[in-house]
Amino acid sequence: MLEKVMELHFLLYAMMLMGGLGALGMLTTHLTYRRMIRKNTEVKSNLKEKWTNLWKTRDRLLNRMNRFVWYPSLFCIAFLGLAFFLYSKDVRWDGMPLAYLYVAAIIPTALLLLRQALDFTYREELLMNSFSDYVEHARTWVEEVPVPEKADEAAKEEIVEHIADSIRQTAAAGSHFSGMLTPEEDEIMREIIREFMK
């Protein structure tokens, strides 16, 4: 059985298969992200939920892209070690063919280069445009709130609390901006909102 594995170079083909799976996985992840960006930047409704979902999905897809580089690379190195062990154990073989070493070096390098070529962090501009839409929408909501000239402090504080709560939800745990608001920053944010309402 081991002779068949060595004669037919199953480990070499398994290394190539790992490289192909890694490349295919990165390509599908990249296309998934592009489709998601296109779909979410066209729709103008429910901007807050759309924006937070974009950041969460972006982080998840970036992690998936990294896994499609490292897991196949580690499997290639493991297959190289196994091939070296099998060829060194059997005295009938002169040695391991250099093709194993070439493939084990080329596949991780090619996957890293492909990872850089398919990188979608440059699409942050599209995400920031959607965030600016959300901020603009929130600002128009504030402008639409009727605030009488001599409104009592309780009504103003209620509006300030509503706006601050919206910002706090945007910076909620699990998003890219978690931990953004410390108590001091929260108080500064409230002061800015109060000044904006005057």
# chains A, B, ... in the order shown; residues from 1 in each chain; ligands from 1
$ residues_around --residues "stretch 21-23 of chain A" --least-positions-apart "6" --cutoff "7 Å" --atoms "only C-alpha atoms" --output "JSON, numbers by chain"
{"A": [68, 69, 72, 111]}
$ write_last_selection --atoms "all heavy atoms" --output "mmCIF file, in the first residue's frame"
data_model
loop_
_atom_site.group_PDB
_atom_site.id
_atom_site.type_symbol
_atom_site.label_atom_id
_atom_site.label_comp_id
_atom_site.auth_asym_id
_atom_site.auth_seq_id
_atom_site.Cartn_x
_atom_site.Cartn_y
_atom_site.Cartn_z
ATOM 1 N N PHE A 68 -8.175 30.115 4.559
ATOM 2 C CA PHE A 68 -7.940 29.467 3.273
ATOM 3 C C PHE A 68 -6.486 29.586 2.829
ATOM 4 O O PHE A 68 -6.072 28.908 1.888
ATOM 5 C CB PHE A 68 -8.860 30.033 2.192
ATOM 6 C CG PHE A 68 -10.231 29.438 2.202
ATOM 7 C CD1 PHE A 68 -11.351 30.252 2.319
ATOM 8 C CD2 PHE A 68 -10.413 28.072 2.101
ATOM 9 C CE1 PHE A 68 -12.622 29.699 2.333
ATOM 10 C CE2 PHE A 68 -11.677 27.516 2.109
ATOM 11 C CZ PHE A 68 -12.783 28.335 2.229
ATOM 12 N N VAL A 69 -5.709 30.443 3.474
ATOM 13 C CA VAL A 69 -4.273 30.496 3.193
ATOM 14 C C VAL A 69 -3.529 29.526 4.107
ATOM 15 O O VAL A 69 -2.731 28.711 3.656
ATOM 16 C CB VAL A 69 -3.719 31.926 3.390
ATOM 17 C CG1 VAL A 69 -2.209 31.932 3.306
ATOM 18 C CG2 VAL A 69 -4.296 32.865 2.370
ATOM 19 N N PRO A 72 -4.483 25.143 4.104
ATOM 20 C CA PRO A 72 -3.849 24.375 3.012
ATOM 21 C C PRO A 72 -2.321 24.410 3.072
ATOM 22 O O PRO A 72 -1.673 23.416 2.756
ATOM 23 C CB PRO A 72 -4.364 25.064 1.738
ATOM 24 C CG PRO A 72 -5.647 25.683 2.135
ATOM 25 C CD PRO A 72 -5.434 26.124 3.557
ATOM 26 N N LEU A 111 -0.540 30.997 -2.485
ATOM 27 C CA LEU A 111 -1.745 31.337 -1.710
ATOM 28 C C LEU A 111 -1.605 32.690 -1.025
ATOM 29 O O LEU A 111 -2.569 33.466 -0.964
ATOM 30 C CB LEU A 111 -2.034 30.240 -0.680
ATOM 31 C CG LEU A 111 -2.551 28.910 -1.238
ATOM 32 C CD1 LEU A 111 -2.701 27.891 -0.121
ATOM 33 C CD2 LEU A 111 -3.861 29.099 -1.971
#
$ residues_around --residues "A:Arg190" --least-positions-apart "2" --cutoff "9 Å" --atoms "only C-alpha atoms" --output "list in words"
Val160, Glu161, Ile163, Ala164, Glu185, Asp186, Glu187, Ile188, Ile192, Ile193, Arg194 and Glu195 of chain A
$ write_last_selection --atoms "N, CA and C atoms" --output "short mmCIF file (atom, residue, chain, number, x, y, z; two decimals), in the first residue's frame"
data_model
loop_
_atom_site.label_atom_id
_atom_site.label_comp_id
_atom_site.auth_asym_id
_atom_site.auth_seq_id
_atom_site.Cartn_x
_atom_site.Cartn_y
_atom_site.Cartn_z
N VAL A 160 -31.54 63.94 23.66
CA VAL A 160 -30.11 63.67 23.79
C VAL A 160 -29.88 62.20 24.13
N GLU A 161 -30.70 61.67 25.03
CA GLU A 161 -30.57 60.26 25.42
C GLU A 161 -30.86 59.33 24.24
N ILE A 163 -30.46 59.97 20.99
CA ILE A 163 -29.34 60.05 20.04
C ILE A 163 -28.13 59.32 20.60
N ALA A 164 -27.83 59.52 21.87
CA ALA A 164 -26.68 58.85 22.50
C ALA A 164 -26.88 57.34 22.51
N GLU A 185 -15.91 59.83 27.23
CA GLU A 185 -16.30 60.10 25.84
C GLU A 185 -17.82 60.18 25.71
N ASP A 186 -18.53 59.37 26.50
CA ASP A 186 -19.98 59.40 26.49
C ASP A 186 -20.49 60.77 26.94
N GLU A 187 -19.88 61.31 27.98
CA GLU A 187 -20.30 62.63 28.47
C GLU A 187 -19.95 63.72 27.46
N ILE A 188 -18.79 63.62 26.83
CA ILE A 188 -18.41 64.59 25.80
C ILE A 188 -19.39 64.52 24.63
N ILE A 192 -21.77 67.54 23.13
CA ILE A 192 -21.78 67.94 21.71
C ILE A 192 -23.19 67.91 21.16
N ILE A 193 -23.96 66.91 21.54
CA ILE A 193 -25.35 66.82 21.07
C ILE A 193 -26.15 67.99 21.61
N ARG A 194 -25.94 68.34 22.87
CA ARG A 194 -26.66 69.49 23.47
C ARG A 194 -26.30 70.78 22.74
N GLU A 195 -25.01 70.94 22.43
CA GLU A 195 -24.59 72.15 21.71
C GLU A 195 -25.18 72.19 20.31
#
$ closest_residue --among "A:Leu80, A:Ala117, A:His30, A:Ser88" --to "A:Arg60" --atoms "only C-alpha atoms"
A:His30
$ closest_residue --among "A:Leu112, A:Met65, A:Leu12, A:Ile167" --to "A:Gly25" --atoms "only C-alpha atoms"
A:Met65
$ atom_distance --atom1 "atom CA of A:Asp165" --atom2 "atom CA of A:Ile37"
26.7 Å
$ select_by_dssp --residues "stretch 51-98 of chain A" --states "helix (DSSP H, G or I)" --output "VMD selection string"
chain A and resid 51 to 89 98
$ residues_around --residues "A:Ala110" --least-positions-apart "2" --cutoff "10 Å" --atoms "only C-alpha atoms" --output "list in words"
Gly19, Gly22, Ala23, Val69, Ser73, Ala105, Ile106, Ile107, Pro108, Leu112, Leu113, Leu114, Arg115 and Gln116 of chain A
$ write_last_selection --atoms "C-alpha atoms" --output "tab-separated table (two decimals), in the first residue's frame"
chain	number	residue	atom	x	y	z
A	19	GLY	CA	-3.54	24.54	-3.00
A	22	GLY	CA	-7.35	27.22	-0.84
A	23	ALA	CA	-7.41	29.29	-4.02
A	69	VAL	CA	-4.27	30.50	3.19
A	73	SER	CA	-0.29	25.62	3.61
A	105	ALA	CA	7.27	25.90	-1.44
A	106	ILE	CA	5.13	27.16	-4.33
A	107	ILE	CA	1.67	26.50	-2.87
A	108	PRO	CA	1.99	28.58	0.34
A	112	LEU	CA	-0.20	34.31	0.09
A	113	LEU	CA	0.12	36.23	-3.18
A	114	LEU	CA	-3.45	35.36	-4.14
A	115	ARG	CA	-4.61	36.49	-0.69
A	116	GLN	CA	-3.01	39.87	-1.31
$ residues_around --residues "A:Tyr13" --least-positions-apart "5" --cutoff "12 Å" --atoms "only C-alpha atoms" --output "list in words"
Val5, Met6, Glu7, Leu8, Met18, Gly19, Gly20, Cys76, Phe79, Leu80, Ala83, Ala99, Tyr100, Val103, Ala104 and Ile107 of chain A
$ atom_distance --atom1 "atom CA of A:Leu27" --atom2 "atom CA of A:Asp59"
16.4 Å
$ atom_distance --atom1 "atom CA of A:Asp119" --atom2 "atom CA of A:Met15"
23.8 Å
